[in-house]
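Novice: Once you've had a glance at the structure underneath, I'll fire off some questions.
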Amino acid sequence: MKYSIIIVCILALVGCSTKPRSVSTTETTNDSVKDVRKDPIIIDITKSPENILVLEDIANIEYIPLETNDSTLVNRPRPDVVSGRYIIYQNNNGQILVFNRKGKSLYSFNHSGGGPEEYFKIYGSIILDEEKEELFVEDIHKAKIFVYSIDGKFKRKLALPKKFFAECLMNYDKDYLFCYNVYFLDHTEESGEKMNQEDYRKRDNPYFFISKQTGEITPLEYSISNRMGNQSIQLKDDGTIGMIVGMDIYPLTQNFPKILITEFADDTLYSLKNGELLPIMIKNPSAHKMVRPMMVAIDLFTDRYVFINAIEKEYKEIPKSIYIAYDRQLDDFYQPNLLNKEDNSPFAIPLKGNIPLPHNTGIDYIRANRLVKKYKSGKLQGRLKQIASKLKEDDNPVLILIKFKE
């Protein structure tokens, strides 16, 4: 089956920086009318032509080798946070590692445990308030967000409501976090959990502001019926759940401080500005009218590019997926083939995923053993060749920050 997506793009994506206030999506403003294009851009994602993008031509590439010793080894390739000053990782054992932007180790701490100032298990990404140098660590088992200083000192904890799993937690402004509640998605009723009227209301209103000081939550007045999660579910013959597979696609993305909401079950994509939802894109046909729905989301948006990720919602080992770039300067869509000139190899996608990054920035990585192998075979050049000459195969990965030109 072929899927078409009609996308209405504004010329400039808008952001937010003030205290949130709940609004209805039926409100209109002069900004929303002014920003939306009059001529809808139509694209069939099954027919978008390929286009080779040598990222060194359209972006500045920064390679960051992470300091490696017995206390700074990371066990996952992508970090939780990259900011103007810090790179932050979490390890599977609960250890949190803080590096500076050159990759030098600054702090390492582990507060996992059963104590009142300790998390049982970290869920999702860690959020950094760089101005206050505070880390927000979510623990769904204790239904709390633990707040630590950048060097690991406990500061406070924020209690969350029951039946509340904050995914895509992000820094909204100096007072609030913003998130997507995934508790009531896909498999709640199939797993036998009873849902009351209040549960259904919470499921249909999933976006929340969280106070950084008190943990008080304020819902965004944005109601979505028949919500769709980023999981594919295999059901047994008796109707019970066999396997659940999460997909690397998310309904929230941020090009700090700008936020986009790309709810899978909604045909309209929104920018969140001053607590209001401004429609900026429209997709068609409706996901609920497809035989096999395609989840469509924005992976990364910059001042020039919008990278769109689409994944078929069906239980498969490798589901059908398509990655599209919209170039606002050329007013054109294509499937990007992203190449790294110094490594002579493609960049991995998604370019962002669920990771807080600086403005206009994407991310990739190269494992040390791969770099060492390429160096020995003479396949590297430039800065990457210099870095690889000093690496050992069991060193930490080398991060690649892709700073897109405006």
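Residues are named by chain letter and number: chains run A, B, ... in the order of the structure tokens, numbers start at 1 in each chain, and ligands are numbered from 1 in the order shown.
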Write out as number ranges by chain each polymer residue whose atoms come within 8 Å of A:Leu351, counting only C-alpha atoms; drop sequence neighbours fewer than 6 positions from it.
Specialist: A: 299-300, 362-364
Novice: Within stretch 93-249 of chain A, find each residue whose DSSP state, derived from the backbone, is strand (DSSP E), and express the selection as a ChimeraX atom specification.
Specialist: /A:95-100,105-110,127-129,134-139,144-149,154-159,166-171,176-181,207-211,217-219,231-235,241-246
Novice: Leaving out stretch 155-158 of chain A and any residue of its chain fewer than 6 positions from it, which residues lie within 12 Å of it when counting only C-alpha atoms, given as a ChimeraX atom specification?
Specialist: /A:116-119,132-140,142-149,177,210-217
Novice: I want to know what sits within 6 Å of stretch 393-396 of chain A, based on only C-alpha atoms, with residues of the same chain fewer than 5 positions away left out; could you give that as a PyMOL selection string?
Specialist: chain A and resi 66+68+368-369
Novice: Could you give me, as a ChimeraX atom specification, the residues within 7 Å of stretch 263-268 of chain A, counting only C-alpha atoms and dropping anything in the same chain fewer than 2 positions from it?
Specialist: /A:224,226-228,251,261,270,279,281-284,286-287,295-296
Novice: From the list A:Asn354, A:Gln231, A:Asn344, A:Gln95, which residue is nearest A:Leu73 when using only C-alpha atoms?
Specialist: A:Gln95
Novice: Residues within 10 Å of A:Lys376, please, as a short mmCIF file (atom, residue, chain, number, x, y, z; two decimals) with all heavy atoms, in the first residue's frame. Count only C-alpha atoms; anything in the same chain fewer than 5 positions from it doesn't count.
Specialist:
```cif
data_model
loop_
_atom_site.label_atom_id
_atom_site.label_comp_id
_atom_site.auth_asym_id
_atom_site.auth_seq_id
_atom_site.Cartn_x
_atom_site.Cartn_y
_atom_site.Cartn_z
N LEU A 371 37.21 2.75 14.29
CA LEU A 371 38.13 3.81 13.88
C LEU A 371 39.56 3.30 13.78
O LEU A 371 40.29 3.62 12.84
CB LEU A 371 38.07 4.97 14.87
CG LEU A 371 37.14 6.13 14.54
CD1 LEU A 371 37.24 7.21 15.60
CD2 LEU A 371 37.44 6.70 13.16
N LYS A 385 41.54 11.17 11.33
CA LYS A 385 42.77 10.38 11.27
C LYS A 385 43.66 10.67 12.47
O LYS A 385 44.24 9.76 13.07
CB LYS A 385 43.51 10.68 9.96
CG LYS A 385 44.80 9.90 9.77
CD LYS A 385 45.45 10.23 8.43
CE LYS A 385 46.74 9.45 8.24
NZ LYS A 385 47.37 9.77 6.92
N ALA A 388 42.10 8.97 15.58
CA ALA A 388 42.23 7.51 15.55
C ALA A 388 43.65 7.06 15.85
O ALA A 388 43.86 5.98 16.41
CB ALA A 388 41.79 6.99 14.19
N SER A 389 44.63 7.88 15.51
CA SER A 389 46.03 7.50 15.74
C SER A 389 46.36 7.37 17.23
O SER A 389 47.35 6.74 17.61
CB SER A 389 46.97 8.52 15.10
OG SER A 389 46.90 9.77 15.76
#
```
Novice: Have a look at A:Leu272, A:Leu220, A:Leu169, A:Ile349 and name the one nearest to A:Val81; count only C-alpha atoms.
Specialist: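 With only C-alpha atoms as the atom set, the closest residue is A:Leu169.
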Novice: Might you pull out every residue within 8 Å of A:Phe333, with only C-alpha atoms counted and same-chain residues fewer than 3 positions away left off, and present them as number ranges by chain?
Specialist: A: 43, 48-49, 324-327
Novice: Let's have the selection written as a short mmCIF file (atom, residue, chain, number, x, y, z; two decimals), in the first residue's frame, with N, CA, C and O atoms.
Specialist:
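What ended up in selection_24.cif:
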```cif
data_model
loop_
_atom_site.label_atom_id
_atom_site.label_comp_id
_atom_site.auth_asym_id
_atom_site.auth_seq_id
_atom_site.Cartn_x
_atom_site.Cartn_y
_atom_site.Cartn_z
N ILE A 43 3.84 15.40 -0.84
CA ILE A 43 4.93 14.45 -1.06
C ILE A 43 4.42 13.04 -0.82
O ILE A 43 3.70 12.77 0.13
N SER A 48 9.86 9.73 -2.95
CA SER A 48 10.81 10.83 -2.80
C SER A 48 12.17 10.43 -3.37
O SER A 48 12.71 9.39 -3.03
N PRO A 49 12.74 11.25 -4.25
CA PRO A 49 14.05 10.91 -4.83
C PRO A 49 15.15 10.96 -3.79
O PRO A 49 15.05 11.68 -2.78
N ILE A 324 13.06 11.29 5.48
CA ILE A 324 12.93 12.33 4.46
C ILE A 324 13.48 13.65 4.99
O ILE A 324 13.33 13.97 6.17
N ALA A 325 14.10 14.41 4.12
CA ALA A 325 14.55 15.76 4.46
C ALA A 325 13.73 16.77 3.67
O ALA A 325 13.47 16.57 2.48
N TYR A 326 13.31 17.83 4.35
CA TYR A 326 12.73 18.97 3.65
C TYR A 326 13.70 20.13 3.77
O TYR A 326 14.10 20.53 4.86
N ASP A 327 14.12 20.65 2.63
CA ASP A 327 15.06 21.76 2.56
C ASP A 327 14.26 23.03 2.30
O ASP A 327 13.73 23.23 1.21
#
```
Novice: Please indicate the distance in Å from atom CA of A:Asn92 to atom CA of A:Arg367, rounded to one decimal place.
Specialist: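 It comes out at 18.0 Å.
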Novice: One number please: atom CA of A:Glu314 to atom CA of A:His141, in Å, one decimal.
Specialist: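 A separation of 28.8 Å between them.
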Novice: Please, what distance in Å, to one decimal, runs between atom CA of A:Asp173 and atom CA of A:Pro219?
Specialist: 15.8 Å
Novice: I need the residues of stretch 50-267 of chain A that end up classed as helix (DSSP H, G or I) by DSSP on the backbone, written out as a ChimeraX atom specification.
Specialist: /A:55-58,197-204
Novice: Stretch 146-256 of chain A near stretch 301-307 of chain A within 10 Å: what's each residue's closest atom pair and its distance in Å to one decimal, counting only C-alpha atoms, ordered by chain then ascending residue number, as JSON lines?
Specialist:
```
{"residue": "A:Thr253", "atom": "CA", "partner": "A:Phe301", "partner_atom": "CA", "distance": 8.3}
{"residue": "A:Gln254", "atom": "CA", "partner": "A:Phe301", "partner_atom": "CA", "distance": 7.9}
{"residue": "A:Asn255", "atom": "CA", "partner": "A:Phe301", "partner_atom": "CA", "distance": 6.4}
{"residue": "A:Phe256", "atom": "CA", "partner": "A:Thr302", "partner_atom": "CA", "distance": 9.9}
```
Novice: Would you write out those residues with all heavy atoms, as a JSON list (two decimals), in the first residue's frame?
Specialist:
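Result file result-v7.json:
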```
[["chain", "number", "residue", "atom", "x", "y", "z"],
["A", 253, "THR", "N", 10.01, 16.69, 19.80],
["A", 253, "THR", "CA", 11.39, 16.98, 19.48],
["A", 253, "THR", "C", 11.67, 18.44, 19.76],
["A", 253, "THR", "O", 10.75, 19.27, 19.76],
["A", 253, "THR", "CB", 11.73, 16.62, 18.02],
["A", 253, "THR", "OG1", 13.14, 16.69, 17.83],
["A", 253, "THR", "CG2", 11.05, 17.58, 17.05],
["A", 254, "GLN", "N", 12.94, 18.75, 20.00],
["A", 254, "GLN", "CA", 13.31, 20.10, 20.41],
["A", 254, "GLN", "C", 14.58, 20.54, 19.70],
["A", 254, "GLN", "O", 15.56, 19.80, 19.65],
["A", 254, "GLN", "CB", 13.52, 20.13, 21.93],
["A", 254, "GLN", "CG", 13.76, 21.52, 22.50],
["A", 254, "GLN", "CD", 13.83, 21.51, 24.02],
["A", 254, "GLN", "OE1", 14.32, 20.57, 24.63],
["A", 254, "GLN", "NE2", 13.31, 22.55, 24.64],
["A", 255, "ASN", "N", 14.52, 21.72, 19.09],
["A", 255, "ASN", "CA", 15.72, 22.41, 18.62],
["A", 255, "ASN", "C", 15.82, 23.62, 19.53],
["A", 255, "ASN", "O", 15.26, 24.67, 19.27],
["A", 255, "ASN", "CB", 15.56, 22.82, 17.16],
["A", 255, "ASN", "CG", 16.80, 23.48, 16.60],
["A", 255, "ASN", "OD1", 17.90, 23.31, 17.11],
["A", 255, "ASN", "ND2", 16.62, 24.27, 15.55],
["A", 256, "PHE", "N", 16.49, 23.42, 20.66],
["A", 256, "PHE", "CA", 16.36, 24.30, 21.83],
["A", 256, "PHE", "C", 16.45, 25.78, 21.44],
["A", 256, "PHE", "O", 17.36, 26.17, 20.71],
["A", 256, "PHE", "CB", 17.44, 23.97, 22.86],
["A", 256, "PHE", "CG", 17.21, 24.63, 24.19],
["A", 256, "PHE", "CD1", 16.33, 24.06, 25.09],
["A", 256, "PHE", "CD2", 17.83, 25.82, 24.51],
["A", 256, "PHE", "CE1", 16.09, 24.66, 26.31],
["A", 256, "PHE", "CE2", 17.59, 26.43, 25.73],
["A", 256, "PHE", "CZ", 16.73, 25.86, 26.63]]
```
